[in-house]
Every structure is written in C-alpha cells, then in structure tokens.
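A.B. asks: Have a peek at entry.cif (mmCIF, C-alpha atoms).
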data_run
loop_
_atom_site.label_atom_id
_atom_site.label_comp_id
_atom_site.auth_asym_id
_atom_site.auth_seq_id
_atom_site.Cartn_x
_atom_site.Cartn_y
_atom_site.Cartn_z
CA MET A 1 0.00 0.00 0.00
CA LYS A 2 1.45 3.36 -1.01
CA ARG A 3 1.79 6.17 1.43
CA LEU A 4 -0.74 8.98 1.20
CA LEU A 5 0.37 11.80 -1.08
CA LEU A 6 0.55 15.34 0.23
CA THR A 7 -0.93 17.83 -2.20
CA PRO A 8 0.95 21.10 -2.91
CA LEU A 9 -1.84 23.00 -1.13
CA LEU A 10 -1.55 20.79 1.95
CA LEU A 11 2.23 21.05 1.94
CA ALA A 12 1.99 24.84 1.73
CA SER A 13 -0.44 24.88 4.65
CA PHE A 14 1.87 22.69 6.74
CA ALA A 15 4.92 24.81 5.89
CA ALA A 16 3.07 27.94 7.03
CA HIS A 17 2.82 26.39 10.49
CA ALA A 18 6.32 24.95 10.77
CA GLN A 19 7.56 24.41 14.32
CA ASN A 20 11.20 23.68 14.92
CA LEU A 21 11.82 21.30 17.80
CA VAL A 22 14.69 21.30 20.29
CA LEU A 23 16.01 18.23 22.05
CA PRO A 24 14.79 17.89 25.65
CA THR A 25 18.19 17.48 27.37
CA ASP A 26 21.82 18.42 26.85
CA ASN A 27 22.33 15.05 25.17
CA GLN A 28 22.50 16.01 21.49
CA ALA A 29 24.01 12.78 20.14
CA LEU A 30 20.85 11.75 18.24
CA PHE A 31 22.21 13.21 15.01
CA ASP A 32 25.74 11.83 14.97
CA GLN A 33 26.12 9.03 17.54
CA PRO A 34 22.74 7.48 18.45
CA SER A 35 24.38 4.82 20.62
CA ALA A 36 25.36 7.66 23.00
CA PHE A 37 21.85 9.13 22.89
CA PHE A 38 19.48 6.23 23.54
CA GLN A 39 19.33 4.41 26.86
CA PHE A 40 19.83 0.66 26.57
CA VAL A 41 17.30 -2.04 27.42
CA ASP A 42 17.97 -5.37 29.10
CA ARG A 43 17.36 -8.21 26.68
CA ASN A 44 17.44 -11.99 27.08
CA PHE A 45 16.80 -13.62 23.73
CA GLU A 46 17.45 -17.27 22.97
CA GLY A 47 19.64 -17.57 26.04
CA GLU A 48 21.82 -14.54 25.27
CA LYS A 49 21.72 -11.52 27.57
CA THR A 50 22.48 -8.17 25.92
CA THR A 51 21.96 -4.45 26.53
CA PRO A 52 21.21 -2.98 23.08
CA TRP A 53 20.79 0.79 22.79
CA GLU A 54 18.52 0.20 19.81
CA GLY A 55 15.74 -0.72 22.24
CA GLY A 56 15.55 2.91 23.35
CA GLN A 57 14.43 4.09 19.91
CA PHE A 58 10.92 4.77 18.65
CA GLY A 59 9.08 1.89 16.99
CA PHE A 60 8.90 -1.90 17.13
CA VAL A 61 12.27 -2.33 18.82
CA ARG A 62 11.59 -4.67 21.76
CA ASP A 63 10.72 -8.29 22.51
CA PRO A 64 12.37 -10.10 19.58
CA ARG A 65 10.64 -13.21 18.29
CA ARG A 66 11.89 -15.70 15.76
CA PHE A 67 9.80 -16.62 12.73
CA GLY A 68 11.80 -19.23 10.83
CA LYS A 69 15.01 -17.53 9.79
CA SER A 70 13.64 -14.06 10.50
CA ILE A 71 13.49 -12.09 13.74
CA ALA A 72 10.68 -9.61 14.36
CA TYR A 73 10.21 -7.23 17.27
CA ALA A 74 6.74 -7.52 18.75
CA ARG A 75 6.74 -4.80 21.40
CA PHE A 76 6.22 -1.21 20.33
CA HIS A 77 8.03 1.68 22.04
CA GLU A 78 6.16 4.95 21.62
CA GLY A 79 8.91 7.40 22.53
CA LEU A 80 12.62 8.10 22.79
CA ASP A 81 14.55 6.97 25.86
CA ILE A 82 17.36 9.51 26.33
CA LYS A 83 20.25 8.61 28.61
CA PRO A 84 21.74 11.09 31.09
CA LEU A 85 25.07 12.83 30.63
CA ARG A 86 25.68 13.64 34.30
CA ARG A 87 25.29 11.70 37.54
CA ASP A 88 26.05 12.47 41.17
CA ALA A 89 28.43 10.50 43.39
CA GLN A 90 25.69 7.97 44.17
CA GLY A 91 24.87 7.44 40.49
CA GLY A 92 21.71 9.53 40.47
CA PRO A 93 21.03 11.43 37.21
CA LEU A 94 21.39 15.23 37.23
CA ASP A 95 20.26 16.22 33.72
CA GLU A 96 17.54 18.83 33.31
CA VAL A 97 14.56 17.97 31.10
CA ARG A 98 13.20 20.78 28.92
CA ALA A 99 10.20 21.46 26.69
CA ILE A 100 10.81 20.51 23.05
CA ALA A 101 8.76 23.49 21.79
CA ASP A 102 6.67 26.45 22.98
CA GLY A 103 3.53 25.35 24.77
CA VAL A 104 1.50 25.20 27.95
CA VAL A 105 1.61 22.54 30.67
CA ALA A 106 -1.52 20.44 30.25
CA TYR A 107 -0.83 17.95 33.03
CA SER A 108 1.72 17.18 35.73
CA THR A 109 1.37 14.06 37.83
CA ALA A 110 0.94 14.47 41.56
CA ALA A 111 2.79 11.25 42.44
CA PRO A 112 5.40 9.01 40.79
CA ASN A 113 3.70 5.67 41.47
CA LEU A 114 0.41 6.01 39.59
CA SER A 115 1.50 4.60 36.21
CA ASN A 116 4.37 2.97 34.32
CA TYR A 117 5.36 6.49 33.27
CA GLY A 118 6.25 7.31 36.86
CA ARG A 119 6.29 11.06 37.37
CA TYR A 120 5.39 12.65 34.04
CA VAL A 121 4.49 15.97 32.46
CA VAL A 122 2.35 16.65 29.37
CA VAL A 123 2.77 19.88 27.37
CA ARG A 124 0.25 21.09 24.78
CA HIS A 125 1.57 22.67 21.58
CA ASP A 126 -0.82 24.65 19.40
CA TRP A 127 0.73 24.96 15.96
CA GLY A 128 -2.32 25.83 13.89
CA GLN A 129 -2.81 22.13 13.05
CA GLY A 130 -4.74 21.05 16.13
CA SER A 131 -3.08 20.44 19.49
CA PHE A 132 -0.05 18.17 19.73
CA TYR A 133 1.05 16.88 23.13
CA SER A 134 4.61 16.14 24.21
CA LEU A 135 5.06 13.83 27.19
CA TYR A 136 8.10 13.53 29.47
CA ALA A 137 8.17 10.44 31.70
CA HIS A 138 10.19 8.88 34.56
CA LEU A 139 11.10 12.29 36.00
CA ARG A 140 13.00 12.47 39.26
CA GLU A 141 11.16 15.71 39.98
CA SER A 142 8.79 18.08 38.21
CA ARG A 143 9.22 21.85 38.39
CA VAL A 144 6.08 22.93 36.53
CA SER A 145 2.34 23.01 37.14
CA SER A 146 -0.74 22.80 34.92
CA GLY A 147 -1.48 25.98 32.97
CA GLN A 148 2.10 27.23 33.01
CA GLN A 149 3.26 28.85 29.77
CA LEU A 150 6.55 27.56 28.39
CA LYS A 151 9.10 28.44 25.76
CA ALA A 152 11.12 25.85 23.86
CA GLY A 153 13.92 24.86 26.23
CA SER A 154 12.03 25.78 29.44
CA VAL A 155 13.02 23.47 32.29
CA LEU A 156 10.32 20.94 33.23
CA GLY A 157 12.20 18.93 35.84
CA LEU A 158 15.02 16.45 36.32
CA LEU A 159 15.62 13.18 34.47
CA GLY A 160 15.06 10.14 36.67
CA HIS A 161 13.94 6.52 36.94
CA THR A 162 10.44 6.67 38.44
CA GLY A 163 7.92 4.15 37.16
CA SER A 164 7.93 0.36 37.18
CA GLY A 165 10.74 -1.69 35.65
CA ILE A 166 13.42 1.03 35.62
CA ASP A 167 16.45 1.07 37.90
CA GLN A 168 19.04 3.76 38.48
CA ARG A 169 21.51 2.41 35.95
CA ARG A 170 18.82 2.75 33.23
CA ALA A 171 17.72 6.23 34.32
CA HIS A 172 16.39 8.18 31.34
CA VAL A 173 13.68 10.52 30.15
CA HIS A 174 11.07 8.94 27.90
CA VAL A 175 9.79 11.58 25.45
CA GLU A 176 6.77 11.31 23.16
CA LEU A 177 4.90 13.61 20.76
CA ASN A 178 1.24 12.67 20.48
CA LEU A 179 -2.16 13.25 18.96
CA PHE A 180 -5.12 13.41 21.35
CA LEU A 181 -7.87 10.84 20.90
CA SER A 182 -10.97 11.61 22.97
CA SER A 183 -12.27 14.24 25.38
CA ARG A 184 -14.65 11.51 26.67
CA PHE A 185 -11.81 9.20 27.62
CA ASP A 186 -13.04 8.76 31.20
CA VAL A 187 -16.30 7.26 29.90
CA TRP A 188 -14.41 4.82 27.65
CA HIS A 189 -11.99 3.89 30.45
CA ALA A 190 -14.76 3.23 32.96
CA ALA A 191 -16.51 0.94 30.47
CA ASN A 192 -13.37 -1.08 29.76
CA PHE A 193 -11.33 -1.20 32.98
CA ALA A 194 -12.14 -1.89 36.63
CA THR A 195 -9.08 0.05 37.82
CA PRO A 196 -9.26 3.79 38.55
CA ASN A 197 -7.89 6.39 36.14
CA PRO A 198 -6.02 9.06 38.16
CA HIS A 199 -4.77 10.89 35.05
CA GLY A 200 -8.05 11.91 33.40
CA VAL A 201 -7.79 12.57 29.66
CA PHE A 202 -4.00 12.65 29.89
CA ASN A 203 -3.76 8.94 30.57
CA GLY A 204 -1.18 7.54 28.13
CA LEU A 205 -3.87 5.38 26.48
CA ASN A 206 -5.53 8.56 25.21
CA LEU A 207 -2.38 9.88 23.55
CA ILE A 208 -1.07 8.19 20.39
CA GLY A 209 2.50 8.89 19.36
CA LEU A 210 3.86 10.01 16.03
CA ASP A 211 7.43 9.10 15.08
CA LEU A 212 9.30 11.78 17.02
CA GLN A 213 12.64 10.27 16.04
CA ALA A 214 11.80 10.67 12.34
CA PHE A 215 10.51 14.19 13.03
CA TYR A 216 13.84 15.31 14.51
CA LEU A 217 15.84 13.76 11.68
CA ALA A 218 13.54 15.18 8.98
CA GLN A 219 13.71 18.68 10.45
CA ARG A 220 17.48 18.42 10.47
CA ARG A 221 17.27 18.08 6.67
CA ASN A 222 14.32 20.43 6.12
CA PRO A 223 13.28 22.89 8.88
CA ALA A 224 9.84 23.35 7.25
CA VAL A 225 8.78 19.79 8.14
CA ASN A 226 6.21 19.71 10.94
CA GLY A 227 4.00 17.35 12.92
CA ALA A 228 1.08 17.18 10.52
CA GLY A 229 3.42 16.45 7.63
CA ILE A 230 5.15 13.69 9.57
CA VAL A 231 1.80 12.07 10.39
CA ARG A 232 0.48 12.18 6.83
CA ALA A 233 3.77 10.78 5.45
CA THR A 234 3.79 7.82 7.88
CA GLU A 235 3.53 4.37 6.29
CA SER A 236 0.07 2.81 6.42
CA GLY A 237 -0.39 -0.34 8.50
CA TYR A 238 -4.08 -1.18 8.33
CA ARG A 239 -7.45 0.34 7.50
CA VAL A 240 -10.73 -0.01 9.38
CA ALA A 241 -14.28 0.87 8.32
CA VAL A 242 -16.51 2.09 11.15
CA PRO A 243 -20.22 2.98 11.20
CA GLY A 244 -20.99 6.51 10.05
CA VAL A 245 -22.51 7.35 13.45
CA ALA A 246 -19.02 7.33 15.00
CA GLU A 247 -18.24 10.68 16.60
CA MET A 248 -14.84 11.02 14.86
CA GLU A 249 -13.46 13.60 17.30
CA ILE A 250 -10.06 13.13 15.66
CA LEU A 251 -11.45 14.93 12.59
CA LYS A 252 -12.60 17.84 14.74
CA ASN A 253 -9.21 18.01 16.42
CA TYR A 254 -7.16 17.43 13.25
CA PRO A 255 -9.17 18.44 10.15
CA TRP A 256 -6.17 17.78 7.91
CA LEU A 257 -6.69 14.05 8.48
CA LEU A 258 -9.71 14.20 6.17
CA ASP A 259 -8.97 12.56 2.81
CA GLY A 260 -11.45 13.92 0.27
CA GLU A 261 -14.52 16.06 0.85
CA ARG A 262 -16.48 15.98 4.07
CA PRO A 263 -20.11 14.88 3.54
CA ALA A 264 -22.94 17.22 4.51
CA GLY A 265 -24.33 14.71 6.99
CA LYS A 266 -23.28 11.41 8.48
CA PRO A 267 -21.78 9.07 5.83
CA ALA A 268 -22.68 5.41 5.56
CA ALA A 269 -19.28 4.67 7.08
CA TRP A 270 -15.85 6.12 7.73
CA GLU A 271 -12.65 4.43 6.58
CA VAL A 272 -9.73 5.22 8.85
CA THR A 273 -6.15 4.45 7.90
CA PHE A 274 -3.78 3.73 10.79
CA SER A 275 -0.06 3.22 11.11
CA ARG A 276 1.09 -0.18 12.36
CA TRP A 277 0.95 1.13 15.95
CA GLY A 278 -2.46 2.81 15.63
CA LEU A 279 -1.66 6.43 14.73
CA PRO A 280 -4.57 7.81 12.63
CA LEU A 281 -3.19 8.82 9.24
CA ALA A 282 -6.28 9.61 7.18
CA VAL A 283 -10.07 9.52 7.42
CA LYS A 284 -12.34 9.13 4.39
CA ALA A 285 -16.13 9.01 4.04
CA SER A 286 -17.44 5.77 2.53
CA ASN A 287 -20.69 4.83 0.84
CA SER A 288 -20.42 1.20 1.96
CA PRO A 289 -22.23 0.81 5.31
CA VAL A 290 -20.93 -1.39 8.12
CA SER A 291 -22.69 -2.35 11.33
CA GLN A 292 -19.48 -2.61 13.37
CA PRO A 293 -15.77 -1.85 12.89
CA VAL A 294 -14.13 -4.15 10.34
CA VAL A 295 -10.63 -4.38 8.87
CA THR A 296 -10.75 -3.56 5.15
CA TRP A 297 -7.01 -3.72 4.47
CA VAL A 298 -3.85 -4.72 6.33
CA LYS A 299 -0.24 -4.61 5.23
CA ASP A 300 1.29 -8.04 4.70
CA ALA A 301 4.58 -7.89 6.60
CA GLY A 302 5.29 -11.61 6.22
CA ILE A 303 4.63 -12.27 9.91
CA PRO A 304 1.38 -12.66 11.91
CA HIS A 305 -0.48 -9.34 11.98
CA TYR A 306 -0.82 -9.54 15.76
CA THR A 307 2.94 -9.09 16.02
CA HIS A 308 3.20 -5.86 14.05
CA THR A 309 -0.07 -4.11 15.02
CA ARG A 310 0.33 -3.99 18.82
CA GLY A 311 -2.09 -6.88 19.04
CA CYS A 312 -4.95 -4.99 17.39
CA VAL A 313 -5.28 -7.10 14.23
CA THR A 314 -5.10 -10.88 13.98
CA GLY A 315 -4.56 -13.11 10.96
CA SER A 316 -1.84 -13.11 8.31
CA GLY A 317 -1.30 -12.39 4.64
CA SER A 318 -3.71 -9.97 2.97
CA THR A 319 -6.62 -10.42 5.40
CA GLY A 320 -7.12 -9.69 9.06
CA LYS A 321 -9.72 -8.93 11.68
CA LEU A 322 -9.79 -6.89 14.86
CA THR A 323 -8.94 -8.54 18.14
CA THR A 324 -10.89 -7.69 21.31
CA GLU A 325 -8.11 -5.26 22.18
CA GLY A 326 -8.17 -3.85 18.66
CA LEU A 327 -11.92 -3.28 18.73
CA ARG A 328 -11.59 -1.50 22.05
CA PHE A 329 -8.90 0.78 20.63
CA ILE A 330 -10.87 1.55 17.45
CA LYS A 331 -13.89 2.55 19.51
CA LEU A 332 -11.75 5.00 21.45
CA ALA A 333 -9.98 6.41 18.39
CA CYS A 334 -13.23 6.87 16.45
CA GLY A 335 -15.57 7.86 19.26
CA LEU A 336 -17.79 4.80 18.90
CA PHE A 337 -18.88 4.51 22.54
#
So that I can check it, write out the structure of this file as structure tokens.

C.D. replies:
Amino acid sequence: MKRLLLTPLLLASFAAHAQNLVLPTDNQALFDQPSAFFQFVDRNFEGEKTTPWEGGQFGFVRDPRRFGKSIAYARFHEGLDIKPLRRDAQGGPLDEVRAIADGVVAYSTAAPNLSNYGRYVVVRHDWGQGSFYSLYAHLRESRVSSGQQLKAGSVLGLLGHTGSGIDQRRAHVHVELNLFLSSRFDVWHAANFATPNPHGVFNGLNLIGLDLQAFYLAQRRNPAVNGAGIVRATESGYRVAVPGVAEMEILKNYPWLLDGERPAGKPAAWEVTFSRWGLPLAVKASNSPVSQPVVTWVKDAGIPHYTHTRGCVTGSGSTGKLTTEGLRFIKLACGLF
C-alpha cells in the first residue's frame, strides 16, 4: 500500500505552520552518535543476555521473536529513551529535562507511582494544526504546574527513573509527541477497565504517538517539516471501516486528516487508515455501510499481523480482523462509545 500523497496546497499549509523542535536534554548525540543518545534495554533472547541501545528508539524495537530464519520485534516503544550525561556520586542522574517546543503545561502528575510512566508531564503545543502533546516520563522531579506557559527549552524537571521496571543504571527521560484521541476518555476507560484512572484525559492510552525520532531527523534536513506532515507521510499499517454514526473527534481536532470532501451529513461509514501502531493517518467518508468496525485492508509484513499491530489485528497475509483489544482501541480512536 502506497503512502498517502501530500498535495501542494496541503504542503503549503503545513509549511506555514512549521515548528522547529529542540532536544529535551543536553544530550545532542541523536544526530551523529545514536548509541550515545538512547538508553539501553535489558534483553534476554534465545539464552543470550544483551543491553542494546537500539531498544531505546521509537518503533517496534523490543521483545524479539523468531519466525523461521527471520526475527521480528513484537513490542512497540512509543517514545525516545534519552540517557543522562551527568550523575552524582551515588549514580543519580542530574540532567535537566526541557520542553521541546513552545507550549503550555496540560498535566503534571501528583505522584510518581500512579503509572508505568512514573512522574510525568504533558505539554500542549498549538501549531495551527490542532493540538499536539509532548510527554516527558520517569522524571526524578517536576518543576512545573498545569497551565504554566513555556518556551522551547524551558526546564520541566530532572531526568530520573520513576515508574515500574526502571532502575538507576537505566535512568532516562522517555519523550513522546502525540495526537489526542478523545475528550470523553473517562467514559471509555470506565466501560473497559475496573481500575481507577487518576490521570483523566491525559492517561497515556488517550495519547497516540507520532514518530518523534523521524521528526527530529527530517527537520534536520528540512526545517519546514512539521508534525502534521510527519503524520500524513507515515507508512500505512491497516485500515478499518466504522459505522458513520461514529463521533470522529479526531477529525474535529485534526481536520487535515480528512482525505477527500467531508459529507454534509453522516456518511454510511468512515474508513480510517492507521499506522502499524495505531496512529490515525487519514479519514475518508465511505458509501459502503458497516454495522461494526471491520478491517478492510492490512499490510502483509510476512509475519502474523498480531505481532506488528500492537495486538490490534489478527490473521496473516492480505486479510485480518480486529482482536478484542483492537476493537476496544478503534472505539476510542473513532468515538464509537
């Protein structure tokens, strides 16, 4: 499946709202020595223990699995894990964490033990393309509060190792750049989970990451590249048709996701194209009605779909169907609840 093409008009619109990003710490090695930039992960695969830095990158970079002679990585990592440059005498990290762009603090956790993110901060960036949200996790301390205005490079807190599964030697800041899915997230969460949601709409499940690593590298080559352009240029992973009654808040938040003309009323269905990890890439009205969400296309990666779709699509080859987890995610992303 080819990537969606950006029209000259759309490209011009994106360029008019370009937003240059800065890196969130003094570690600038992303561009010339990534092994010194990304924090390693602990890996035990087929009896061999390793600490590859590649596991700190964005994408399907964790949990290797063998399929015949091939190895695929089944676990998706939605951000960049940036290692510290400075530590104190006891090994504690000392690096400051800073905002990657101008924005306003949307959320700052009250405690470090309420999610796998540990202590984290979310910053909203309004670039004329709908709000994007950067997230900074595992902080040792936060120095900001909700509603605070920030400039690119403003200090948010200190890099740390709060959150489950991270020890001091792997201290890092996990940084994401996300689209926002639903303002009714609390309703969806209550219907699907028995556990409480202390983070409201800024729960990580309600934020879906774009490829921030690719964004930084693309802007290095062309400063006019921005978030909307990165999203629309992302490779398609699968497509789902949903009933036309779906709320489709993502279209209200990000009108540039619309592919084609918007119908005057509710269409028979919407077809939504997602990346492999579930980032919405395009939304198109369809005349073919469906009674429930159904997969209409999935990329054949030569391995079971479950492995390369974060468990949302099952099957293999050119066909697939939504798993229970996948259906739950589609309902959130499309406002079908």

A.B. asks: Hey, what's within 8 Å of Thr323 (chain A) if we count only C-alpha atoms and toss same-chain stuff fewer than 5 positions away? As a ChimeraX atom specification, please?

C.D. replies: /A:311-314

A.B. asks: Using CA of Leu135 (chain A) and CA of Val121 (chain A) as the two end points, give the distance in Å to one decimal.

C.D. replies: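 That distance, rounded to one decimal, is 5.7 Å.
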
A.B. asks: Looking at only C-alpha atoms, which of A:Ala241, A:Glu78, A:Ser236, A:Ala285 is the one that sits closest to Val298 (chain A)?

C.D. replies: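 Of the candidates, the smallest distance to Val298 (chain A) is held by A:Ser236.
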
A.B. asks: Go through A:Val201, A:Val295, A:Ala233, A:Val41 one by one, measure the shortest atom-to-atom distance of each to Ala214 (chain A) using only C-alpha atoms, and give the residue with the smallest value.

C.D. replies: A:Ala233

A.B. asks: How far is it from CA of Gly92 (chain A) to CA of Val122 (chain A), in Å with one decimal?

C.D. replies: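 One can read the CA of Gly92 (chain A) to CA of Val122 (chain A) distance as 23.4 Å.
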
A.B. asks: List the residues selected by the PyMOL selection byres ((chain A and resi 137-152) around 7) in the file shown, writing them as a PyMOL selection string.

C.D. replies: chain A and resi 22+99-108+117-121+135-136+153-154+156-163+173-175

A.B. asks: Do you know which residues are at most 9 Å from Phe215 (chain A) counting all atoms listed in the file, after dropping those on the same chain fewer than 3 positions away, and could you put them as a PyMOL selection string?

C.D. replies: chain A and resi 21+210-212+218-220+225-227+230

A.B. asks: List the spatial neighbours of region 302-307 of chain A as a PyMOL selection string - criterion: any atom at most 10 Å away, all atoms listed in the file, same-chain residues fewer than 4 positions off excluded.

C.D. replies: chain A and resi 60+65-67+70-76+237-238+276+298+311-323+326
